[in-house]
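Enquirer: I am attaching a structure below and will ask some questions about it afterwards.
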Amino acid sequence: MIDAAPAELQHLSELADTVQEVFWLINATNTEMLYVSPAYDRIFGRSRAALRRDIHDWINALHPDDRARMITFAATTDRAARQARFRIVRPDGAVRVLEIRVFPVCEGDRVVRIAGVTADITERDALEAQVRETQKLESLGLLAGGIAHDFNNILAIVAANASFLGESPGLEAVQREVLDEIARAVERGTALTHQLLAFGRKQLVSPEVVDLNAAVADTGKMLRRMLGDRVAISTALDPGLAHVEIDPSAIVQILMNLAVNARDAMPRGGALKIATHPLGHREVVLSVIDTGCGMTAEVKARAFEPLFTTKEVGRGTGLGLSVVHGIVKQAGGRIEIDSQPGVGTEVRIVLPARDADPAAGLPRPSPRLSGSERLVLVEDDPDVRCSISRALRVRGYDVMEASSGSTALELLGEHGRRIDLLVTDVEMPEMTGLELAAAARRARPSLRVLYISGQADGELAGASAERAGLAVLEKPFPGDALAARVRQILDEAKRPLRR
C-alpha cells in the first residue's frame with residue numbers, strides 16, 4: 001500500500017473513498033498492497049497502516065473456522081474471477097459476515113494486478129436467512145395442514161361410527177370399554193392434528209373471552225400427573241388479571257408443550273413456576289419458568305424452528321415451541337424467551353387483554369339432538385359422508401347426500417325452499433364449501449349453512465368462525481356434537497341472518 005496513489009489510480013481512489021465497500025488493488029504476486037479504500041478501517045476494525053506494514057494483516061481478523069479456507073483462496077492467482085463469503089472477528093468481538101470478489105487485471109496472458117471488492121453483508125445475510133426460514137415455515141405449514149386435514153377425515157369416520165355404536169341399546173360392559181378406548185384414541189389423534197394445524201396456523205379456532213387464571217388452575221392437575229413427583233409446580237396468579245380472548249383448548253396446548261420442554265430440561269428434577277401478571281392496561285403475560293439446563297444463544301436463536309430439537313432421538317419431535325409460537329400468533333400475541341445455560345428458562349406469552357364476558361358462567365340448557373328437517377350434506381370423502389349421514393338420519397333428519405358442490409347445487413335447485421340446512425365440508429376439489437354456499441345463497445339468501453372442516457383456509461384463515469358470522473364444526477366430532485350443532489342452527493332460523 002502506498003500513501004499517494006499513482007496517477008492511473010487517482011480516479012479510482014476518489015470514487016472508492018466515498019463508498020461503503022472496501023476497494024483494494026495488489027500486485028500479481030500478492031506481496032504489495034497498491035491501494036485500499038478507507039472503508040477497510042470501518043469494516044475490519046483494523047488500520048490500513050497495519051496492512052501497509054503486512055499485506056496479510058487482514059488474515060488475523062478471520063474467524064478461526066474460516067481461516068484455512070480463506071488463506072487458500074487468497075493464495076490463488078489465476079486469471080479467473082472469484083468470489084467467497086467469510087467471517088471476521090473485529091477487535092470489539094463482533095462477528096461480521098463479508099463477501100469478497102476478486103478480479104485479475106491482465107495484460108495479454110499475464111496477470112499484472114489483482115483488484116477486489118469486499119463488502120459487509122451481515123445484515124443482508126441475516127435478512128436472507130430470515131426469508132429462507134419464513135419460506136421453510138410456510139412450506140412445512142402447508143404440509144402439516146394437508147396431513148392434518150386428511151388425518152382428521154380418518155378420525156371423523158372413527159369418531160362418528162364409534163359414537164353410533166355407543167348409542168346402541170344393550171351393550172355389554174366390555175363393549176362399552178372398547179368404545180371408550182376408541183374415543184380416547186380419537187382424542188389423542190385430535191390433539192396431534194391440533195398441534196400440526198397450530199404449527200401451520202391453519203387450525204379452526206373458536207376464541208372465547210376466558211379467565212386466564214382459571215384456565216391455568218384447571219390445567220394444573222393435568223400437568224402434575226404428566227410431570228411426576230420430581231418436578232415441583234407452583235403458581236403465582238395475579239388476582240386482578242384481565243381476561244384474554246383465545247380458544248380455551250389453546251391454553252392447555254401451550255402449557256402442556258412448555259411443561260414437557262421444562263421437564264426434559266430438568267432430567268434430575270427441579271421447579272416449574274407458572275405466573276400471570278398484567279403488562280400495562282392492554283396486555284397480560286403468562287410466564288412458564290423452569291430451573292433446567294437453560295439454552296445457549298445458538299439454541300435460543302433456533303428455538304422456534306420446526307423439527308429442531310436438542311433432545312435425544314425418540315425423546316422429542318422439535319414441534320413443541322413452534323406449535324406454541326403458531327398458537328400465540330394466531331391469538332394475536334407474541335412469545336419471548338429469557339434463558340441462560342445452567343440457570344433456567346422463562347417463556348413469556350403476551351396476549352391482548354379483554355373485558356370479561358358478562359354471559360360467562362351462566363348455565364346453558366342441554367341441547368336437543370333430534371329433528372325432522374331436510375338437509376343437504378356435501379362431503380367429497382365417501383366414508384366421511386356416509387358416517388355423518390348415518391349420524392343425522394338416526395336422529396330423524398331427512399338427509400340428501402352430494403359428493404361435490406355442483407351436485408349439491410342441483411339438489412338445492414330441484415328442492416328449493418324445502419331444504420332447511422346445507423351441511424358442507426370446507427375443503428373440496430373444484431368448488432370449496434365457501435364457494436358452494438355463496439352460489440347457493442345467490443338463489444336463496446336465507447339458506448342456513450354449517451361448515452365442517454379440520455382446517456381453516458381462504459376466508460376462514462386467521463379469523464374466528466363467530467367473528468366471520470360462520471357456523472363451523474371442527475373434525476373429528478362425535479355424532480351428538482354434530483346433532484347438537486345442527487339443532488342449534490335450525491332453532492336460530494327465525495333470527496336475522498348474520499352472513
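Here's how to read the names in the C-alpha cells: chain A, B, ... by the order shown, residue numbers from 1 in each chain, ligand numbers from 1 in the order shown.
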Taking 4 positions as the minimum chain separation for residues in the same chain, which residues sit within 8 Å of Gly479 in chain A when counting only C-alpha atoms? Answer as a CSV table (one decimal) with N, CA, C and O atoms, in the first residue's frame.
Expert:
chain,number,residue,atom,x,y,z
A,159,ALA,N,-64.7,-41.5,14.8
A,159,ALA,CA,-65.4,-40.9,15.9
A,159,ALA,C,-66.9,-41.1,15.7
A,159,ALA,O,-67.7,-41.4,16.6
A,160,ALA,N,-67.4,-40.8,14.4
A,160,ALA,CA,-68.8,-40.9,14.1
A,160,ALA,C,-69.3,-42.3,14.3
A,160,ALA,O,-70.4,-42.6,14.9
A,163,SER,N,-69.3,-43.4,18.0
A,163,SER,CA,-70.5,-42.7,18.6
A,163,SER,C,-71.8,-43.4,18.3
A,163,SER,O,-72.6,-43.6,19.1
A,164,PHE,N,-71.9,-43.8,17.0
A,164,PHE,CA,-73.1,-44.5,16.6
A,164,PHE,C,-73.3,-45.8,17.3
A,164,PHE,O,-74.4,-46.2,17.8
A,388,ILE,N,-71.4,-39.4,8.6
A,388,ILE,CA,-72.1,-38.2,9.0
A,388,ILE,C,-73.6,-38.3,8.7
A,388,ILE,O,-74.4,-38.0,9.5
A,391,ALA,N,-75.3,-40.6,11.2
A,391,ALA,CA,-75.5,-40.0,12.5
A,391,ALA,C,-76.6,-39.0,12.5
A,391,ALA,O,-77.3,-38.9,13.5
A,392,LEU,N,-76.9,-38.4,11.4
A,392,LEU,CA,-78.1,-37.5,11.3
A,392,LEU,C,-79.4,-38.2,11.0
A,392,LEU,O,-80.4,-37.9,11.6
A,483,ALA,N,-75.1,-33.4,15.9
A,483,ALA,CA,-76.6,-33.2,16.0
A,483,ALA,C,-76.9,-31.9,16.8
A,483,ALA,O,-77.9,-31.2,16.5
Enquirer: As a ChimeraX atom specification, please: every residue in range 243-443 of chain A that DSSP puts in helix (DSSP H, G or I).
Expert: /A:248-264,297-301,320-330,382-393,405-418,433-443
Enquirer: So that I can see what lies close to range 97-105 of chain A, please list as a VMD selection string the residues with an atom at most 12 Å from it, counting only C-alpha atoms and leaving out residues fewer than 3 positions away in the same chain.
Expert: chain A and resid 21 to 30 40 43 to 44 61 to 63 66 70 73 to 90 94 108 to 126
Enquirer: To one decimal in Å, tell me the separation between CA of Thr424 in chain A and CA of Ala183 in chain A.
Expert: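 Taking CA of Thr424 in chain A as the start and CA of Ala183 in chain A as the end point, the length is 24.1 Å.
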Enquirer: Pick out the closest residue to Pro476 in chain A from this set: A:Asp218, A:Asp338, A:Asp150, A:Glu128. Count only C-alpha atoms.
Expert: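 Looking only at the distances to Pro476 in chain A, the closest residue turns out to be A:Asp150.
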Enquirer: Extract, using only C-alpha atoms, all DNA, RNA and protein residues at most 10 Å from Arg444 in chain A, discarding same-chain residues fewer than 6 positions from it, and format them as a JSON list (two decimals) with all heavy atoms, in the first residue's frame.
Expert:
[["chain", "number", "residue", "atom", "x", "y", "z"],
["A", 412, "LEU", "N", -80.21, -28.47, -4.51],
["A", 412, "LEU", "CA", -80.79, -27.24, -3.97],
["A", 412, "LEU", "C", -81.73, -26.59, -4.98],
["A", 412, "LEU", "O", -82.78, -26.04, -4.63],
["A", 412, "LEU", "CB", -79.68, -26.27, -3.57],
["A", 412, "LEU", "CG", -78.85, -26.67, -2.34],
["A", 412, "LEU", "CD1", -77.57, -25.85, -2.25],
["A", 412, "LEU", "CD2", -79.68, -26.48, -1.07],
["A", 413, "GLY", "N", -81.36, -26.65, -6.27],
["A", 413, "GLY", "CA", -82.21, -26.08, -7.30],
["A", 413, "GLY", "C", -83.49, -26.87, -7.48],
["A", 413, "GLY", "O", -84.56, -26.31, -7.75],
["A", 416, "GLY", "N", -85.38, -26.58, -3.72],
["A", 416, "GLY", "CA", -85.64, -25.20, -3.32],
["A", 416, "GLY", "C", -85.78, -25.00, -1.84],
["A", 416, "GLY", "O", -84.94, -25.40, -1.03],
["A", 417, "ARG", "N", -86.92, -24.38, -1.46],
["A", 417, "ARG", "CA", -87.11, -23.98, -0.08],
["A", 417, "ARG", "C", -87.47, -25.14, 0.85],
["A", 417, "ARG", "O", -87.66, -24.94, 2.06],
["A", 417, "ARG", "CB", -88.18, -22.90, 0.00],
["A", 417, "ARG", "CG", -87.75, -21.62, -0.68],
["A", 417, "ARG", "CD", -88.71, -20.46, -0.41],
["A", 417, "ARG", "NE", -88.19, -19.25, -1.01],
["A", 417, "ARG", "CZ", -87.28, -18.46, -0.43],
["A", 417, "ARG", "NH1", -86.80, -18.77, 0.75],
["A", 417, "ARG", "NH2", -86.87, -17.37, -1.04],
["A", 437, "ALA", "N", -71.60, -22.29, -0.80],
["A", 437, "ALA", "CA", -72.58, -21.53, -0.02],
["A", 437, "ALA", "C", -72.89, -20.20, -0.70],
["A", 437, "ALA", "O", -74.05, -19.78, -0.74],
["A", 437, "ALA", "CB", -72.05, -21.30, 1.39],
["A", 438, "ALA", "N", -71.85, -19.55, -1.24],
["A", 438, "ALA", "CA", -72.08, -18.26, -1.91],
["A", 438, "ALA", "C", -72.97, -18.44, -3.13],
["A", 438, "ALA", "O", -73.89, -17.64, -3.38],
["A", 438, "ALA", "CB", -70.74, -17.65, -2.31]]
Enquirer: May I have all residues of range 54-249 of chain A that DSSP, computed from the backbone, assigns to strand (DSSP E), given as a ChimeraX atom specification?
Expert: /A:82-89,95-107,110-120,208-210,231-237,243-246
Enquirer: I'd like the neighbourhood of Leu369 in chain A as an MDAnalysis selection string, where a residue qualifies if any of its atoms comes within 9 Å (using only C-alpha atoms), though same-chain residues fewer than 2 positions away should be ignored.
Expert: chainID A and resid 367 371 395 480:488
Enquirer: Please produce a file of the residues just selected, as a compact mmCIF listing (two decimals), in the first residue's frame, where the atoms kept are all heavy atoms.
Expert:
# COMPACT_ATOMS: atom_id res chain seq x y z
N PRO A 367 -78.70 -29.41 24.90
CA PRO A 367 -79.19 -29.29 23.53
C PRO A 367 -80.11 -30.45 23.16
O PRO A 367 -79.97 -31.57 23.63
CB PRO A 367 -77.89 -29.35 22.71
CG PRO A 367 -76.94 -30.13 23.56
CD PRO A 367 -77.27 -29.77 24.97
N GLY A 371 -84.49 -34.24 15.15
CA GLY A 371 -85.27 -33.34 14.32
C GLY A 371 -85.79 -34.07 13.11
O GLY A 371 -85.46 -35.24 12.87
N ARG A 395 -81.17 -39.75 13.96
CA ARG A 395 -81.80 -38.75 14.83
C ARG A 395 -83.01 -38.10 14.15
O ARG A 395 -83.50 -37.08 14.62
CB ARG A 395 -80.76 -37.70 15.23
CG ARG A 395 -79.71 -38.26 16.20
CD ARG A 395 -78.56 -37.28 16.41
NE ARG A 395 -77.69 -37.76 17.48
CZ ARG A 395 -76.69 -38.62 17.32
NH1 ARG A 395 -76.46 -39.12 16.11
NH2 ARG A 395 -75.95 -39.00 18.35
N ASP A 480 -73.30 -36.86 18.55
CA ASP A 480 -74.15 -35.97 19.32
C ASP A 480 -73.68 -34.52 19.20
O ASP A 480 -74.50 -33.59 19.25
CB ASP A 480 -74.22 -36.41 20.78
CG ASP A 480 -72.86 -36.55 21.41
OD1 ASP A 480 -71.85 -36.36 20.71
OD2 ASP A 480 -72.80 -36.86 22.63
N ALA A 481 -72.36 -34.29 19.02
CA ALA A 481 -71.87 -32.92 18.83
C ALA A 481 -72.37 -32.35 17.50
O ALA A 481 -72.77 -31.18 17.41
CB ALA A 481 -70.35 -32.89 18.87
N LEU A 482 -72.36 -33.19 16.46
CA LEU A 482 -72.89 -32.77 15.16
C LEU A 482 -74.38 -32.46 15.27
O LEU A 482 -74.85 -31.41 14.82
CB LEU A 482 -72.66 -33.87 14.13
CG LEU A 482 -73.39 -33.72 12.79
CD1 LEU A 482 -72.86 -32.52 12.03
CD2 LEU A 482 -73.24 -35.00 11.97
N ALA A 483 -75.13 -33.37 15.91
CA ALA A 483 -76.58 -33.19 16.02
C ALA A 483 -76.91 -31.94 16.83
O ALA A 483 -77.87 -31.21 16.51
CB ALA A 483 -77.21 -34.42 16.66
N ALA A 484 -76.14 -31.68 17.88
CA ALA A 484 -76.39 -30.51 18.70
C ALA A 484 -76.16 -29.22 17.92
O ALA A 484 -76.92 -28.26 18.04
CB ALA A 484 -75.50 -30.54 19.94
N ARG A 485 -75.10 -29.21 17.10
CA ARG A 485 -74.80 -28.01 16.31
C ARG A 485 -75.87 -27.80 15.24
O ARG A 485 -76.31 -26.68 14.99
CB ARG A 485 -73.43 -28.17 15.65
CG ARG A 485 -72.86 -26.85 15.15
CD ARG A 485 -72.35 -26.03 16.31
NE ARG A 485 -71.59 -24.88 15.84
CZ ARG A 485 -72.10 -23.65 15.71
NH1 ARG A 485 -73.36 -23.42 16.00
NH2 ARG A 485 -71.33 -22.67 15.29
N VAL A 486 -76.31 -28.88 14.59
CA VAL A 486 -77.36 -28.78 13.58
C VAL A 486 -78.64 -28.25 14.20
O VAL A 486 -79.30 -27.35 13.67
CB VAL A 486 -77.60 -30.16 12.92
CG1 VAL A 486 -78.90 -30.16 12.12
CG2 VAL A 486 -76.43 -30.53 12.02
N ARG A 487 -79.00 -28.81 15.38
CA ARG A 487 -80.22 -28.38 16.04
C ARG A 487 -80.16 -26.91 16.44
O ARG A 487 -81.13 -26.16 16.30
CB ARG A 487 -80.44 -29.25 17.28
CG ARG A 487 -81.77 -29.11 17.97
CD ARG A 487 -82.89 -29.64 17.11
NE ARG A 487 -83.63 -28.59 16.44
CZ ARG A 487 -84.37 -28.78 15.38
NH1 ARG A 487 -84.49 -29.98 14.84
NH2 ARG A 487 -85.01 -27.78 14.82
N GLN A 488 -78.99 -26.47 16.91
CA GLN A 488 -78.82 -25.08 17.32
C GLN A 488 -79.05 -24.13 16.13
O GLN A 488 -79.75 -23.12 16.25
CB GLN A 488 -77.41 -24.88 17.88
CG GLN A 488 -77.12 -23.44 18.27
CD GLN A 488 -75.65 -23.23 18.60
OE1 GLN A 488 -74.80 -24.04 18.25
NE2 GLN A 488 -75.34 -22.13 19.27
Enquirer: Between A:Gly220, A:Gly240, A:Gly170, A:Gly396, which one has atoms that come closest to Met256 in chain A, using only C-alpha atoms?
Expert: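 Using only C-alpha atoms, Met256 in chain A sits closest to A:Gly220.
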